[in-house]
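This is query08.cif. It holds mmCIF, C-alpha atoms and all ligand atoms.
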data_my_file
loop_
_atom_site.label_atom_id
_atom_site.label_comp_id
_atom_site.auth_asym_id
_atom_site.auth_seq_id
_atom_site.Cartn_x
_atom_site.Cartn_y
_atom_site.Cartn_z
CA MET A 21 4.70 3.98 36.44
CA GLU A 22 6.47 0.91 35.10
CA ASP A 23 8.50 1.09 31.94
CA TYR A 24 8.84 -1.91 29.67
CA SER A 25 11.87 -2.41 27.50
CA THR A 26 12.47 -4.60 24.45
CA LEU A 27 14.27 -4.84 21.14
CA ALA A 28 11.97 -4.08 18.23
CA PHE A 29 11.72 -3.69 14.47
CA VAL A 30 9.66 -0.80 13.19
CA LEU A 31 6.76 -2.01 11.03
CA LYS A 32 5.00 1.26 10.29
CA GLN A 33 4.26 4.75 11.50
CA GLU A 34 1.15 6.84 11.15
CA PRO A 35 0.68 10.47 12.00
CA ILE A 36 -2.36 11.05 14.17
CA LYS A 37 -3.25 14.59 15.14
CA GLU A 38 -0.75 17.29 14.51
CA GLN A 39 2.03 16.42 16.91
CA ASP A 40 1.48 12.75 17.64
CA ARG A 41 2.35 9.56 15.88
CA ASN A 42 1.50 5.90 16.20
CA TYR A 43 4.33 3.46 15.74
CA THR A 44 3.75 -0.23 15.16
CA PHE A 45 6.61 -2.50 16.14
CA PHE A 46 7.33 -6.17 16.06
CA THR A 47 9.10 -6.69 19.38
CA GLN A 48 11.19 -9.51 20.76
CA LYS A 49 9.37 -9.75 24.09
CA PHE A 50 5.78 -8.76 23.32
CA GLY A 51 5.12 -9.50 19.64
CA LYS A 52 3.41 -6.77 17.67
CA ILE A 53 2.55 -3.61 19.56
CA THR A 54 1.33 -0.17 18.60
CA LEU A 55 2.55 2.74 20.67
CA LEU A 56 1.68 6.37 20.74
CA ALA A 57 4.57 8.79 20.46
CA ARG A 58 3.32 11.98 21.93
CA GLY A 59 4.92 15.31 22.35
CA THR A 60 6.35 18.33 20.80
CA ARG A 61 7.64 18.35 17.29
CA LYS A 62 11.14 18.48 18.70
CA ILE A 63 10.79 15.25 20.69
CA ASN A 64 9.15 13.49 17.79
CA ALA A 65 11.82 14.64 15.40
CA LYS A 66 14.45 13.16 17.68
CA LEU A 67 12.55 9.88 18.02
CA ALA A 68 11.82 9.70 14.31
CA GLY A 69 15.53 9.70 13.54
CA HIS A 70 15.81 6.38 15.35
CA LEU A 71 12.61 4.92 14.05
CA GLU A 72 12.97 4.70 10.33
CA LEU A 73 12.12 1.36 8.83
CA PRO A 74 13.73 -1.21 8.98
CA SER A 75 15.76 -0.11 12.05
CA LEU A 76 16.39 -2.40 14.96
CA VAL A 77 15.70 -0.33 18.07
CA GLN A 78 15.66 -0.67 21.82
CA ILE A 79 12.38 0.85 22.91
CA GLN A 80 10.83 1.72 26.23
CA PHE A 81 7.16 2.20 26.79
CA THR A 82 4.48 2.51 29.47
CA ILE A 83 1.00 1.07 29.41
CA SER A 84 -0.70 3.37 31.89
CA GLN A 85 -3.82 4.42 30.00
CA ARG A 86 -2.75 4.17 26.47
CA PRO A 87 0.44 2.33 25.49
CA ARG A 88 2.95 5.06 24.97
CA LEU A 89 6.49 5.11 23.63
CA THR A 90 8.86 6.78 26.07
CA SER A 91 12.23 6.28 24.39
CA ALA A 92 13.88 4.68 21.39
CA LEU A 93 17.52 3.96 20.79
CA GLU A 94 18.72 2.73 17.43
CA LYS A 95 20.78 -0.48 17.69
CA PHE A 96 21.30 -1.05 13.98
CA SER A 97 20.20 1.19 11.15
CA PHE A 98 20.62 -1.15 8.10
CA PRO A 99 22.42 1.54 6.07
CA VAL A 100 22.70 -0.55 2.89
CA ILE A 101 18.97 -1.28 2.78
CA LYS A 102 18.10 2.36 3.46
CA LYS A 103 20.33 3.57 0.65
CA ASN A 104 18.82 1.32 -2.01
CA THR A 105 15.27 1.71 -3.22
CA LYS A 106 14.97 -1.91 -4.27
CA ALA A 107 16.14 -3.27 -0.92
CA LEU A 108 14.08 -0.74 0.99
CA THR A 109 10.96 -1.66 -0.98
CA VAL A 110 11.44 -5.27 0.08
CA ALA A 111 11.86 -4.22 3.71
CA PHE A 112 8.57 -2.31 3.48
CA LEU A 113 6.80 -5.27 1.86
CA ILE A 114 8.04 -7.57 4.63
CA ALA A 115 6.96 -5.14 7.37
CA ASP A 116 3.54 -4.76 5.77
CA LEU A 117 3.04 -8.52 5.47
CA VAL A 118 3.90 -9.03 9.15
CA ASP A 119 1.61 -6.18 10.13
CA ARG A 120 -1.32 -7.58 8.15
CA PHE A 121 -0.99 -11.17 9.35
CA THR A 122 -0.23 -10.82 13.04
CA LEU A 123 -2.30 -9.87 16.04
CA GLU A 124 -1.13 -7.51 18.76
CA LYS A 125 0.69 -8.88 21.80
CA GLN A 126 1.31 -12.39 20.51
CA VAL A 127 4.93 -13.16 21.30
CA ASP A 128 6.50 -15.15 18.50
CA ALA A 129 10.18 -16.05 18.64
CA GLU A 130 10.08 -17.61 15.16
CA ILE A 131 8.69 -14.50 13.48
CA TRP A 132 11.20 -12.41 15.40
CA LYS A 133 14.07 -14.57 14.17
CA LEU A 134 12.80 -14.63 10.59
CA LEU A 135 12.49 -10.84 10.48
CA SER A 136 15.95 -10.43 11.89
CA ASP A 137 17.51 -13.06 9.60
CA ALA A 138 15.84 -11.63 6.50
CA PHE A 139 16.88 -8.03 7.16
CA TYR A 140 20.48 -8.95 8.02
CA PHE A 141 20.78 -11.28 5.01
CA LEU A 142 19.55 -8.49 2.74
CA GLU A 143 21.84 -5.94 4.37
CA GLU A 144 24.94 -8.13 4.09
CA ASN A 145 24.44 -9.40 0.55
CA PHE A 146 22.69 -6.65 -1.36
CA ASN A 147 25.77 -4.72 -2.50
CA LYS A 148 27.48 -7.69 -4.08
CA TYR A 149 24.27 -9.17 -5.42
CA PRO A 150 21.28 -6.78 -5.75
CA GLU A 151 18.98 -9.50 -7.10
CA ILE A 152 19.08 -10.93 -3.61
CA ALA A 153 16.28 -8.47 -2.78
CA ASP A 154 13.79 -10.43 -4.92
CA PHE A 155 14.93 -13.65 -3.34
CA VAL A 156 14.61 -12.35 0.25
CA TRP A 157 11.05 -11.21 -0.38
CA LEU A 158 10.02 -14.62 -1.76
CA TYR A 159 11.88 -16.50 0.98
CA PHE A 160 10.23 -14.38 3.65
CA ASN A 161 6.78 -15.03 2.18
CA ALA A 162 7.31 -18.78 2.27
CA GLN A 163 8.82 -19.00 5.72
CA PHE A 164 6.28 -16.63 7.21
CA LEU A 165 3.37 -18.72 5.89
CA GLU A 166 5.13 -21.81 7.24
CA ILE A 167 5.39 -20.29 10.75
CA LEU A 168 1.72 -19.30 10.66
CA GLY A 169 0.80 -22.87 9.72
CA LEU A 170 -0.59 -21.70 6.40
CA ALA A 171 1.91 -23.22 3.97
CA PRO A 172 0.50 -24.83 0.81
CA PHE A 173 0.56 -28.59 0.33
CA LEU A 174 3.29 -29.46 -2.17
CA GLU A 175 4.08 -33.13 -1.48
CA GLY A 176 1.54 -34.71 -3.80
CA CYS A 177 -2.00 -34.20 -5.04
CA ILE A 178 -3.89 -32.72 -2.09
CA GLU A 179 -6.91 -34.86 -2.95
CA CYS A 180 -5.43 -38.29 -3.65
CA GLY A 181 -1.77 -38.03 -2.61
CA LYS A 182 -0.51 -39.10 -6.01
CA THR A 183 3.03 -37.86 -6.60
CA ILE A 184 3.09 -37.97 -10.38
CA ASP A 185 1.15 -35.98 -12.96
CA ASN A 186 0.61 -33.04 -10.59
CA LYS A 187 0.53 -30.21 -13.05
CA PHE A 188 -1.84 -27.78 -11.35
CA PHE A 189 -2.12 -25.75 -8.18
CA SER A 190 -5.48 -25.14 -6.54
CA PHE A 191 -5.74 -21.88 -4.59
CA GLU A 192 -9.06 -23.03 -3.26
CA LYS A 193 -7.64 -26.25 -1.81
CA LYS A 194 -4.21 -24.70 -1.05
CA GLY A 195 -2.25 -27.47 -2.66
CA ILE A 196 -1.11 -29.10 -5.87
CA VAL A 197 -3.56 -31.35 -7.68
CA CYS A 198 -3.29 -34.07 -10.29
CA SER A 199 -5.03 -33.79 -13.66
CA LYS A 200 -7.94 -35.88 -12.40
CA HIS A 201 -8.58 -33.56 -9.45
CA SER A 202 -7.84 -30.24 -11.11
CA GLN A 203 -10.49 -27.71 -11.99
CA LYS A 204 -10.57 -25.14 -14.72
CA LYS A 205 -9.57 -22.24 -12.46
CA ASP A 206 -6.46 -23.99 -11.12
CA ARG A 207 -3.09 -22.66 -12.14
CA PRO A 208 -0.65 -24.80 -14.14
CA ILE A 209 2.62 -25.48 -12.34
CA THR A 210 5.82 -26.92 -13.83
CA SER A 211 8.23 -29.20 -11.99
CA SER A 212 10.83 -26.44 -11.89
CA GLN A 213 8.27 -24.13 -10.25
CA LYS A 214 7.34 -26.84 -7.75
CA ARG A 215 10.99 -27.39 -6.94
CA ALA A 216 11.57 -23.68 -6.40
CA LEU A 217 8.58 -23.49 -4.05
CA ASN A 218 9.75 -26.57 -2.16
CA LEU A 219 13.18 -25.01 -1.73
CA LEU A 220 11.67 -21.81 -0.36
CA PHE A 221 9.42 -23.58 2.12
CA ASN A 222 11.84 -26.25 3.29
CA SER A 223 15.31 -24.71 3.38
CA SER A 224 17.15 -22.72 5.97
CA LEU A 225 18.64 -19.40 4.93
CA GLN A 226 22.15 -20.89 5.29
CA ARG A 227 21.44 -23.21 2.40
CA PHE A 228 21.12 -20.17 0.16
CA SER A 229 24.69 -19.12 0.77
CA GLN A 230 25.10 -21.24 -2.36
CA PRO A 231 24.24 -18.92 -5.25
CA SER A 232 23.02 -21.81 -7.39
CA TYR A 233 20.01 -22.26 -5.12
CA ILE A 234 19.20 -18.58 -5.31
CA GLN A 235 19.43 -18.79 -9.09
CA GLU A 236 16.91 -21.62 -9.08
CA ILE A 237 14.46 -19.40 -7.24
CA LEU A 238 15.13 -16.30 -9.32
CA LYS A 239 14.60 -18.24 -12.54
CA GLU A 240 10.98 -18.67 -11.44
CA LYS A 241 10.59 -15.36 -9.62
CA LYS A 242 7.79 -14.03 -11.80
CA TYR A 243 5.69 -17.11 -11.27
CA ILE A 244 6.42 -17.32 -7.54
CA ARG A 245 5.70 -13.65 -6.95
CA LYS A 246 2.28 -14.05 -8.58
CA PHE A 247 1.79 -17.28 -6.69
CA PHE A 248 2.34 -15.60 -3.31
CA ASN A 249 0.11 -12.64 -4.19
CA GLU A 250 -2.72 -14.96 -5.00
CA PHE A 251 -1.99 -17.40 -2.21
CA THR A 252 -1.86 -14.80 0.59
CA LEU A 253 -5.14 -13.33 -0.70
CA ALA A 254 -6.75 -16.77 -0.60
CA VAL A 255 -5.41 -17.44 2.89
CA LYS A 256 -6.47 -14.03 4.16
CA ALA A 257 -9.99 -14.60 2.88
CA ASP A 258 -10.07 -17.85 4.86
CA ILE A 259 -8.90 -16.23 8.09
CA ILE A 260 -11.46 -13.44 7.87
ZN ZN B 301 -5.46 -36.37 -7.34
#
Would you mind writing the file's structure down as structure tokens?
Ligand SMILES: [Zn+2]
Amino acid sequence: MEDYSTLAFVLKQEPIKEQDRNYTFFTQKFGKITLLARGTRKINAKLAGHLELPSLVQIQFTISQRPRLTSALEKFSFPVIKKNTKALTVAFLIADLVDRFTLEKQVDAEIWKLLSDAFYFLEENFNKYPEIADFVWLYFNAQFLEILGLAPFLEGCIECGKTIDNKFFSFEKKGIVCSKHSQKKDRPITSSQKRALNLLFNSSLQRFSQPSYIQEILKEKKYIRKFFNEFTLAVKADII
């Protein structure tokens, strides 16, 4: 029986039956996979120690009848994130978003890199700057949508291309609109909010080593958080 091996981030775990568990991973070599961890309580307890979110783990598995996890070795445990509720909550939100928007067995090097970058950035900066957790969540949202090809149109009015007087965002059309093309249900958007969104969608994480950029995002965090909630719902409805 052949064993496969890959680096992986744990996305979620679900108990099934008394002794077994399903683990969902985002892996470097195979994309998202769900594996059964079967066995005695003792074996599972040992595995579980290595498999707490958001750990980076080296896993081995077989795909004989049902894909099954055979071993897991923790490579990095992200101790800072695990110790802080706020950071851990963001790690869970990120894992859940990836789980909801990806299909099994679709290798994706960009998602892999984004996950890794986001978790390490949070781990390394959280202690000196806890607000970074809010930023990482918003940044991940934007970049993840970008990778999936679902980013909103922010360059000009999505209907006429006009770059001035764009004071609304249409969740139906997935882009900003000018006053002429806006409808009642569209959400007002200020230029500072537009700028923050543009920064999130179009900047590398390195750019945010400058705290002033992070401040620009955090200034609008309430708006952007709401924006992403609504936007991902609208996008999800389109996919399904
Ligand atoms: Zn227009």
Counting all atoms listed in the file, which protein, DNA or RNA residues come within 10 Å of ligand ZN 301 (chain B), given as a PyMOL selection string?
-> chain A and resi 176-186+196-202
Nearest-residue call for Phe96 (chain A), choices A:Ser136, A:Val118, A:Gln126, A:Ala57, using all atoms listed in the file | A:Ser136
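Taking only C-alpha atoms into account, Leu165 (chain A) lies nearest to A:Thr122 out of the set A:Thr122, A:Gln39, A:Thr90, A:Gln235.
For Ser223 (chain A), the non-local neighbours within 9 Å, defined as residues at least 5 positions apart in the same chain or in other chains and counting all atoms listed in the file, are Gln163, Asn218 and Phe228 of chain A.
The residue that comes closest to Asn42 (chain A), out of A:Ala111, A:Ile79, A:Ile101, A:Leu89 and on the basis of all atoms listed in the file, is A:Leu89.
Checking A:Thr109, A:Ser25, A:Lys133, A:Pro35 one by one against Ile83 (chain A), counting all atoms listed in the file, you find the shortest gap at A:Ser25.
Distance annotation: of A:Ala129, A:Leu113, A:Val100, A:Leu134, the residue with the minimal separation from Lys148 (chain A) is A:Val100; atom set is only C-alpha atoms.
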